[in-house]
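Asker: For reference, the structure I am asking about is given below.
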Amino acid sequence: MADHKQGASSPSISEVKAQSQAQGSPVNYNVDRSWEWDSEKTITTADADEVIRATSNTNKAKKLTVGPGGGNESDLTDLAAASSDPENPVTSGSDNDDNNSQIPDGGKQAWLVVLGAWCVSFCSYGWINSIGTFQEYYQSGPLKEYSVSQISWIPSLQIFFMSFVGPVIGRVYDRYGLRWLMLVGSLMHVFGLMMASLSSKYYQFMLSQGVCSAIGVAICFLSAISVITQWFDKRRGLAFGTLATGSSLGGVVFPVMLSRLMETVGYGWAMRVSAFLILALLCVANMTLRTRIPLPSSKAKLSGGNKEGLTAVVSGPSGAGGSICSAQGRRNMWKPFRETQFVVLLAGLFLVPFGLYVPINYMPVASIGAGMTKDMAQNMVAIYNGASAVGRFSSGFISDKAGRYNVFCTCCYIAGILILGMWVPVSAGLPNATAVSVAFAAMFGIFSGGYISLMASLVAAISPLEEIGYRNGLTFLFSAIGGLTTNPIAGAILQAGNENWVGLKTFAGVFMIAGTTFTLAVRIHRVGWGLTKVF
């Protein structure tokens, strides 16, 4: 069945069993319950994890003949040998050669997918970047009887839900694809904004904008970034960098548009116009986003047979492995946490947001405290977002040549150094404090853009393709903790130190550098200390 390398001998079935049991991953494959973790039923493969990982990089499905006696020894040894043969790996999905073709890294359909993902980015994080506009409106309008802290829970919940539901969305994406996810997410996002336009009570704003719209955004965005991985490999950084510019442009367009519309036609129609714009862009996304790899929901396809045996395509488990409720599904949900590299990466991506969100959220207020005029301070976020668009695209483009981890660590280390060396010294008594604040906003935007555009690429570089949705969801979940708690922590630091801006800025810089160091540790663990190694 498999074309073995010259000089290599096929392992015997006893050797296959011994190797599998030694690695603690016996796999039972049968017609009724494919790929069940069972040490007592007979058919096992050598290193099941390697078979599963190999399923994402092949052009031809291998077939295993399963008979009433358990399994055909020659077929089993061929499968075991094929799993370790990089020139003839076992395929994932169906046995259709077209569906299992090599990652295109370009072409009309691939760039249409990027266009759809860009539209989603514009409508998701681009929209979230405008939440400051609503905070001011709610405080002086329909929710003026509530405290600033109570009102701030609306945007905080919006940010939190966008990431908190990530693992669930990732599991569903890995198993069932993006078509229904995109449709449901689009409807929830637009419906939530339409309901917000009719809201007048605190709980109504909380449910419509803080929950419904936020979950819709999470569904669309996680699906969009996950599907990019199927279409790009060597140019993946460029693809992610391009789609990440959508959120920067949205962060410039939405605040200005909402402010003008609220002044002219009122809050209700400002929300409806925004919802219609988002609906149009999400329609484009639904038409252009598509998966390249076939759905993994049919893991064993019967292609014929008789009483003596049945032929089934060995396609491996989907996503994090099998049904969510099956023993294997539950086991593989914990699989990423047993991988040192992925756990360390999670730690890094958990810490970096504590340093990232402080400058983004407090640049205008800190600039006013340093002597900047209020009108100029209101432009600081726009300056940051404009510069961030440049940083997101350029870091993605460069990472395809220099390595994603290399560029990510370089950008985030420089961003941390800028916080400590450029933002901390800014105070009311500093000469040219306004000029330094503007320069910091632009430079921090450029280098922090590497975090936003390359985060998904870091996950893809150390993860099997069939688990990419679930693992992206995990990284979003861990980063959500920083998004939800940074503002309260920053407020406590300022309050404890009587507007101790030096303490707050130092906190941000230290966490930025600490998180980047964890990410660097993954790079070192993978390829060593060599500075010239591309990874």
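Identifiers for the structure tokens are assigned positionally: chains receive A, B, ... in sequence, residues are indexed from 1 per chain, and ligands are indexed from 1 in the order shown.
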Kindly assemble as JSON lines a list of the stretch 444-500 of chain A residues that lie within 12 Å of stretch 231-238 of chain A, each paired with its nearest atom pair and their distance in Å to one decimal, using only C-alpha atoms, sorted first by chain and then by ascending residue number.

Answerer:
{"residue": "A:Gly450", "atom": "CA", "partner": "A:Gly237", "partner_atom": "CA", "distance": 10.1}
{"residue": "A:Tyr451", "atom": "CA", "partner": "A:Gly237", "partner_atom": "CA", "distance": 11.7}
{"residue": "A:Ile452", "atom": "CA", "partner": "A:Gly237", "partner_atom": "CA", "distance": 11.4}
{"residue": "A:Ser453", "atom": "CA", "partner": "A:Gly237", "partner_atom": "CA", "distance": 7.7}
{"residue": "A:Leu454", "atom": "CA", "partner": "A:Gly237", "partner_atom": "CA", "distance": 6.7}
{"residue": "A:Met455", "atom": "CA", "partner": "A:Gly237", "partner_atom": "CA", "distance": 9.9}
{"residue": "A:Ala456", "atom": "CA", "partner": "A:Gly237", "partner_atom": "CA", "distance": 9.3}
{"residue": "A:Ser457", "atom": "CA", "partner": "A:Gly237", "partner_atom": "CA", "distance": 6.7}
{"residue": "A:Leu458", "atom": "CA", "partner": "A:Gly237", "partner_atom": "CA", "distance": 9.6}
{"residue": "A:Val459", "atom": "CA", "partner": "A:Arg236", "partner_atom": "CA", "distance": 11.9}
{"residue": "A:Ala460", "atom": "CA", "partner": "A:Asp233", "partner_atom": "CA", "distance": 9.3}
{"residue": "A:Ala461", "atom": "CA", "partner": "A:Asp233", "partner_atom": "CA", "distance": 9.3}
{"residue": "A:Leu465", "atom": "CA", "partner": "A:Asp233", "partner_atom": "CA", "distance": 11.0}

Asker: Show which residues sit within 9 Å of A:Leu258, as a PyMOL selection string. Count only C-alpha atoms, and ignore same-chain residues fewer than 6 positions away.

Answerer: chain A and resi 130+133-134+267+270-271+274

Asker: Hey, which of A:Leu261, A:Val534, A:Val165, A:Leu520 ends up closest to A:Val273? Count only C-alpha atoms.

Answerer: A:Leu261

Asker: Which is closer to A:Ala435 than all the others in A:Ser186, A:Thr373, A:Ser223, A:Ser147, using only C-alpha atoms?

Answerer: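 Among A:Ser186, A:Thr373, A:Ser223, A:Ser147, it is A:Thr373 that comes nearest to A:Ala435.
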
Asker: Could you give me, as a list of chain:residue names, the residues within 9 Å of stretch 484-497 of chain A, counting only C-alpha atoms and dropping anything in the same chain fewer than 4 positions from it?

Answerer: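 Selected residues are A:Ser156, A:Leu157, A:Ile159, A:Phe160, A:Pro353, A:Phe354, A:Gly355, A:Tyr357, A:Val358, A:Asn361, A:Ser479, A:Ala480, A:Trp501, A:Gly503, A:Leu504, A:Phe507.
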
Asker: Keeping all heavy atoms for every residue in the selection just given, could you write it to a file as a CSV table (one decimal), in the first residue's frame?

Answerer:
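Produced file selection_9.csv, reproduced below:
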chain,number,residue,atom,x,y,z
A,156,SER,N,-16.7,46.1,28.8
A,156,SER,CA,-15.9,45.1,29.4
A,156,SER,C,-16.4,43.7,29.0
A,156,SER,O,-15.7,42.8,28.7
A,156,SER,CB,-15.7,45.2,30.9
A,156,SER,OG,-15.0,46.4,31.2
A,157,LEU,N,-17.8,43.5,29.2
A,157,LEU,CA,-18.4,42.3,28.8
A,157,LEU,C,-18.2,42.0,27.4
A,157,LEU,O,-18.1,40.8,26.9
A,157,LEU,CB,-19.9,42.3,29.2
A,157,LEU,CG,-20.2,41.8,30.7
A,157,LEU,CD1,-21.7,41.8,30.9
A,157,LEU,CD2,-19.7,40.4,30.9
A,159,ILE,N,-15.8,42.9,25.4
A,159,ILE,CA,-14.4,42.4,25.1
A,159,ILE,C,-14.3,40.9,25.7
A,159,ILE,O,-13.7,40.1,25.0
A,159,ILE,CB,-13.4,43.3,25.8
A,159,ILE,CG1,-13.4,44.7,25.1
A,159,ILE,CG2,-12.0,42.7,25.7
A,159,ILE,CD1,-12.6,45.7,25.8
A,160,PHE,N,-14.8,40.7,26.9
A,160,PHE,CA,-14.7,39.4,27.5
A,160,PHE,C,-15.3,38.3,26.7
A,160,PHE,O,-14.7,37.2,26.5
A,160,PHE,CB,-15.2,39.4,28.9
A,160,PHE,CG,-15.1,38.1,29.7
A,160,PHE,CD1,-13.9,37.7,30.1
A,160,PHE,CD2,-16.2,37.4,29.9
A,160,PHE,CE1,-13.7,36.5,30.8
A,160,PHE,CE2,-16.1,36.2,30.6
A,160,PHE,CZ,-14.8,35.7,31.0
A,353,PRO,N,-1.2,41.0,27.0
A,353,PRO,CA,-2.3,42.0,27.0
A,353,PRO,C,-2.3,42.9,28.2
A,353,PRO,O,-2.8,44.1,28.1
A,353,PRO,CB,-3.5,41.1,27.0
A,353,PRO,CG,-3.1,39.8,26.4
A,353,PRO,CD,-1.7,39.6,26.8
A,354,PHE,N,-1.7,42.5,29.4
A,354,PHE,CA,-1.7,43.5,30.5
A,354,PHE,C,-0.8,44.7,30.2
A,354,PHE,O,-1.0,45.8,30.7
A,354,PHE,CB,-1.1,42.7,31.7
A,354,PHE,CG,-2.1,41.8,32.4
A,354,PHE,CD1,-2.0,40.4,32.1
A,354,PHE,CD2,-3.1,42.2,33.2
A,354,PHE,CE1,-2.9,39.5,32.6
A,354,PHE,CE2,-3.9,41.3,33.8
A,354,PHE,CZ,-3.9,40.0,33.5
A,355,GLY,N,0.2,44.4,29.3
A,355,GLY,CA,1.0,45.6,28.9
A,355,GLY,C,0.5,46.3,27.7
A,355,GLY,O,0.7,47.5,27.5
A,357,TYR,N,-2.9,46.7,26.7
A,357,TYR,CA,-4.1,47.5,26.8
A,357,TYR,C,-4.0,48.7,27.6
A,357,TYR,O,-4.8,49.7,27.5
A,357,TYR,CB,-5.2,46.6,27.4
A,357,TYR,CG,-5.7,45.5,26.5
A,357,TYR,CD1,-5.8,44.2,26.9
A,357,TYR,CD2,-6.1,45.8,25.2
A,357,TYR,CE1,-6.3,43.2,26.0
A,357,TYR,CE2,-6.6,44.9,24.3
A,357,TYR,CZ,-6.7,43.6,24.7
A,357,TYR,OH,-7.1,42.6,23.9
A,358,VAL,N,-3.0,48.8,28.5
A,358,VAL,CA,-2.8,50.0,29.3
A,358,VAL,C,-2.5,51.2,28.5
A,358,VAL,O,-3.2,52.3,28.6
A,358,VAL,CB,-1.7,49.8,30.4
A,358,VAL,CG1,-1.3,51.1,31.0
A,358,VAL,CG2,-2.2,48.8,31.5
A,361,ASN,N,-5.7,52.1,26.3
A,361,ASN,CA,-6.8,52.7,27.0
A,361,ASN,C,-6.5,54.0,27.7
A,361,ASN,O,-7.4,54.8,27.9
A,361,ASN,CB,-7.3,51.7,28.1
A,361,ASN,CG,-7.9,50.4,27.5
A,361,ASN,OD1,-8.4,50.4,26.3
A,361,ASN,ND2,-7.9,49.3,28.2
A,479,SER,N,-6.1,35.3,26.7
A,479,SER,CA,-5.9,36.7,26.5
A,479,SER,C,-7.1,37.6,27.0
A,479,SER,O,-7.0,38.7,27.3
A,479,SER,CB,-5.6,37.0,25.0
A,479,SER,OG,-6.7,36.8,24.2
A,480,ALA,N,-8.3,36.9,27.0
A,480,ALA,CA,-9.5,37.7,27.5
A,480,ALA,C,-9.4,38.1,29.0
A,480,ALA,O,-9.9,39.1,29.4
A,480,ALA,CB,-10.7,36.8,27.3
A,501,TRP,N,1.1,57.8,37.6
A,501,TRP,CA,1.3,57.4,36.2
A,501,TRP,C,2.6,56.6,36.0
A,501,TRP,O,2.6,55.7,35.1
A,501,TRP,CB,1.2,58.6,35.3
A,501,TRP,CG,-0.1,59.2,35.1
A,501,TRP,CD1,-0.6,60.4,35.7
A,501,TRP,CD2,-1.2,58.6,34.4
A,501,TRP,NE1,-1.9,60.6,35.4
A,501,TRP,CE2,-2.3,59.5,34.6
A,501,TRP,CE3,-1.4,57.5,33.7
A,501,TRP,CZ2,-3.6,59.3,34.0
A,501,TRP,CZ3,-2.7,57.2,33.1
A,501,TRP,CH2,-3.7,58.1,33.3
A,503,GLY,N,4.0,54.5,38.0
A,503,GLY,CA,3.7,53.1,38.5
A,503,GLY,C,2.9,52.3,37.4
A,503,GLY,O,3.2,51.1,37.1
A,504,LEU,N,1.9,53.0,36.9
A,504,LEU,CA,1.0,52.3,35.9
A,504,LEU,C,1.8,52.0,34.6
A,504,LEU,O,1.7,50.9,34.0
A,504,LEU,CB,-0.2,53.2,35.6
A,504,LEU,CG,-1.2,52.6,34.5
A,504,LEU,CD1,-1.7,51.3,34.9
A,504,LEU,CD2,-2.3,53.7,34.2
A,507,PHE,N,4.2,49.1,35.2
A,507,PHE,CA,3.4,47.9,35.2
A,507,PHE,C,3.2,47.4,33.8
A,507,PHE,O,3.4,46.2,33.5
A,507,PHE,CB,2.1,48.1,35.9
A,507,PHE,CG,1.1,47.1,35.7
A,507,PHE,CD1,1.1,46.0,36.5
A,507,PHE,CD2,0.1,47.2,34.7
A,507,PHE,CE1,0.1,45.0,36.4
A,507,PHE,CE2,-0.9,46.2,34.6
A,507,PHE,CZ,-0.9,45.1,35.4

Asker: With only C-alpha atoms as the basis for distance, which of A:Ile278, A:Leu349, A:Cys409, A:Val256 is at the shortest distance from A:Gln378?

Answerer: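 That would be A:Val256, the residue with the smallest distance to A:Gln378.
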
Asker: In Å, how far is it from atom CA of A:Arg290 to atom CA of A:Leu178?

Answerer: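 So the two atoms, atom CA of A:Arg290 and atom CA of A:Leu178, lie 7.3 Å apart.
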
Asker: So which residues touch A:Met188 within 10 Å, counting only C-alpha atoms, skipping near sequence neighbours fewer than 4 positions away, as a PyMOL selection string?

Answerer: chain A and resi 182-184+192-194+208+211-217+219-220

Asker: Can you list, as JSON, numbers by chain, every residue of stretch 118-311 of chain A that DSSP puts in helix (DSSP H, G or I)?

Answerer: {"A": [118, 119, 120, 121, 122, 123, 125, 126, 127, 128, 131, 132, 133, 134, 135, 136, 137, 138, 139, 140, 148, 149, 150, 151, 152, 153, 154, 155, 156, 157, 158, 159, 160, 161, 162, 163, 164, 166, 167, 168, 169, 170, 171, 172, 173, 174, 175, 176, 179, 180, 181, 182, 183, 184, 185, 186, 187, 188, 189, 190, 191, 192, 193, 194, 195, 196, 197, 202, 203, 204, 205, 206, 207, 208, 209, 210, 211, 212, 213, 214, 215, 216, 217, 218, 219, 220, 221, 222, 223, 224, 225, 226, 227, 228, 229, 230, 231, 236, 237, 238, 239, 240, 241, 242, 243, 244, 245, 246, 247, 248, 249, 250, 251, 252, 253, 254, 255, 256, 257, 258, 259, 260, 261, 262, 263, 264, 267, 268, 269, 270, 271, 272, 273, 274, 275, 276, 277, 278, 279, 280, 281, 282, 283, 284, 285, 286, 287, 288]}

Asker: Please provide the set of residues having any atom within 9 Å of A:Phe393, restricted to only C-alpha atoms, with same-chain residues fewer than 4 positions apart removed, written as a count of residues only.

Answerer: 16

Asker: Just checking: using only C-alpha atoms, which residue out of A:Cys283, A:Ala441, A:Leu474, A:Val252 ends up closest to A:Lys335?

Answerer: A:Leu474

Asker: What does the distance between atom CA of A:Leu420 and atom CA of A:Gly509 come to in Å, to one decimal place?

Answerer: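 Between these atoms lies a distance of 5.5 Å.
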
Asker: Would you list, as a PyMOL selection string, the residues of stretch 150-372 of chain A that end up in strand (DSSP E) under DSSP run on this structure's backbone?

Answerer: chain A and resi 302-306+309-313

Asker: Grab the atom CA of A:Arg404 to atom CA of A:Tyr173 distance for me, in Å with one decimal place.

Answerer: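 If I compute the distance from atom CA of A:Arg404 to atom CA of A:Tyr173, I get 24.3 Å.
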
Asker: Quick one: of A:Arg292, A:Ser259, A:Gln204, A:Ile360, who's nearest to A:Pro104, counting only C-alpha atoms?

Answerer: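 Closest candidate: A:Arg292.
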
Asker: Of the residues A:Glu339, A:Cys119, A:Leu282, A:Ser247, which is the one nearest to A:Ser463, using only C-alpha atoms?

Answerer: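 Using only C-alpha atoms, A:Ser463 sits closest to A:Glu339.
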